[in-house]
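**Student:** Take a look at this one; I'll ask things after.
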Amino acid sequence: MMRLPWRSPLTPLFSSHVLLEPFLLTTSSIFRCVRPAQRLGCWLSLYALADIPFSVETIEDDDEQEFWEIAIAQLQKLHLIQWQAKGIYRLHPLIRQFFQMKLDELSDADKVKTAFVAQMAEVAKQIPQQPNREDIFNLTPHIPHLAEVATHLSQYLSDEDLIGPFTGLGWFYQGQGLYQQAEPWVQQCVKIAENRLSLEHLNIAASLNNRPLAKVEHPPENKFSG
């Protein structure tokens, strides 16, 4: 997918933290009038610093779809969102930080984070234990964001969904022969299960932990390469 360069009029501001504070104060005052943009910006700030797959076309409710379309338009008008391609966006690191601060000020911040990780848990459920080429291609845009949830937002995952992002990431990398990248995720899966889940869930996590990963002496670097 071709990436288009982003040259926001605000880009010079971000080279200087001295100029960032006045920008944030101005943007905060604007946000009092553009609630959709604020809600979407806060939501997008939960994604990793990578291309964000976000499409409103699959939203069935017309009112909800219109709400998010307005939000996207507002963010673009304010130059706060980077358009990469159809349905793909990116946030500047400092803009992401700003939205994260705004999110923490919301009374329903925990609810938003819980909804976000639940959505990402559904993505994790789509990762098969032995992904094929098509699976890898379709899932790759979501992997940085699953890793973000597993690394920084796992406390908001329900017990039912807790191990999903970890095992999903492990299977994703294992399926490509990337055993060294897979192993930390399956190990973290068992560790987090030990710290939080019941014995029943722990047994499930242990069964999903693919121990042969650690026993492969010379695994291929990438079985899909070439």
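Identifiers in this document derive from the order of the structure tokens: chains are assigned A, B, ..., residues are numbered from 1 separately in each chain, and ligands are numbered from 1 in order of occurrence.
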Could you build a table of the residues in stretch 31-73 of chain A lying no more than 10 Å from stretch 124-148 of chain A, giving for each the nearest pair of atoms and their separation in Å rounded to one decimal place, using only C-alpha atoms, ordered by chain and ascending residue number, as a Markdown table?
**Tutor:**
```
| residue | atom | partner | partner_atom | distance |
| --- | --- | --- | --- | --- |
| A:Leu46 | CA | A:Glu148 | CA | 8.1 |
| A:Tyr47 | CA | A:His145 | CA | 5.4 |
| A:Ala48 | CA | A:His145 | CA | 5.1 |
| A:Leu49 | CA | A:Pro144 | CA | 8.0 |
| A:Ala50 | CA | A:Pro144 | CA | 6.9 |
| A:Asp51 | CA | A:Pro141 | CA | 7.1 |
| A:Ile52 | CA | A:Pro141 | CA | 7.5 |
| A:Pro53 | CA | A:Pro141 | CA | 6.9 |
```
**Student:** Take the residues just selected and output them with C-alpha atoms as a PDB file, in the first residue's frame.
**Tutor:**
```pdb
ATOM      1  CA  LEU A  46      -5.180   4.245  21.931  1.00  0.00           C
ATOM      2  CA  TYR A  47      -3.703   2.739  18.789  1.00  0.00           C
ATOM      3  CA  ALA A  48       0.039   2.274  18.410  1.00  0.00           C
ATOM      4  CA  LEU A  49       2.216   4.775  16.553  1.00  0.00           C
ATOM      5  CA  ALA A  50       1.593   3.078  13.236  1.00  0.00           C
ATOM      6  CA  ASP A  51      -0.884   3.189  10.389  1.00  0.00           C
ATOM      7  CA  ILE A  52      -4.392   2.906  11.849  1.00  0.00           C
ATOM      8  CA  PRO A  53      -7.052   0.909   9.978  1.00  0.00           C
TER       9      PRO A  53
END
```
**Student:** Fewer than 3 positions away in the same chain doesn't count, so skip those; otherwise give me all residues within 9 Å of A:Ser55, counting only C-alpha atoms, as a short mmCIF file (atom, residue, chain, number, x, y, z; two decimals) with N, CA and C atoms, in the first residue's frame.
**Tutor:**
```
data_model
loop_
_atom_site.label_atom_id
_atom_site.label_comp_id
_atom_site.auth_asym_id
_atom_site.auth_seq_id
_atom_site.Cartn_x
_atom_site.Cartn_y
_atom_site.Cartn_z
N THR A 58 -18.20 0.14 7.26
CA THR A 58 -18.80 -1.08 7.79
C THR A 58 -19.79 -0.82 8.92
N ILE A 59 -19.91 0.44 9.36
CA ILE A 59 -20.84 0.78 10.43
C ILE A 59 -22.26 0.76 9.89
N LYS A 86 -7.12 5.14 1.72
CA LYS A 86 -8.52 4.96 2.08
C LYS A 86 -8.64 4.07 3.31
N GLY A 87 -9.25 4.61 4.36
CA GLY A 87 -9.46 3.85 5.58
C GLY A 87 -8.22 3.66 6.43
N ILE A 88 -7.15 4.38 6.12
CA ILE A 88 -5.89 4.27 6.87
C ILE A 88 -5.45 5.67 7.30
#
```
**Student:** Neighbouring residues of A:Gly164 were defined as those with any atom within 12 Å, considering only C-alpha atoms; residues of the same chain fewer than 6 positions away were excluded. Please report them as a VMD selection string.
**Tutor:** chain A and resid 117 to 129 146 to 147 149 to 150 154 157 to 158 170 to 172 185 to 186 188 to 190 192 to 193 201 204 to 205 208 to 209
**Student:** Pick the closest to A:Leu169 from A:Met101, A:Pro184, A:Tyr156, A:Ala85: which is it, counting only C-alpha atoms?
**Tutor:**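 Comparing A:Met101, A:Pro184, A:Tyr156, A:Ala85 against A:Leu169, the winner is A:Pro184.
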**Student:** Just list the residues in stretch 105-217 of chain A DSSP gives helix (DSSP H, G or I) on the backbone, as a ChimeraX atom specification.
**Tutor:** /A:105,109-124,133-152,154-156,164-174,179-196,199-208,212-215
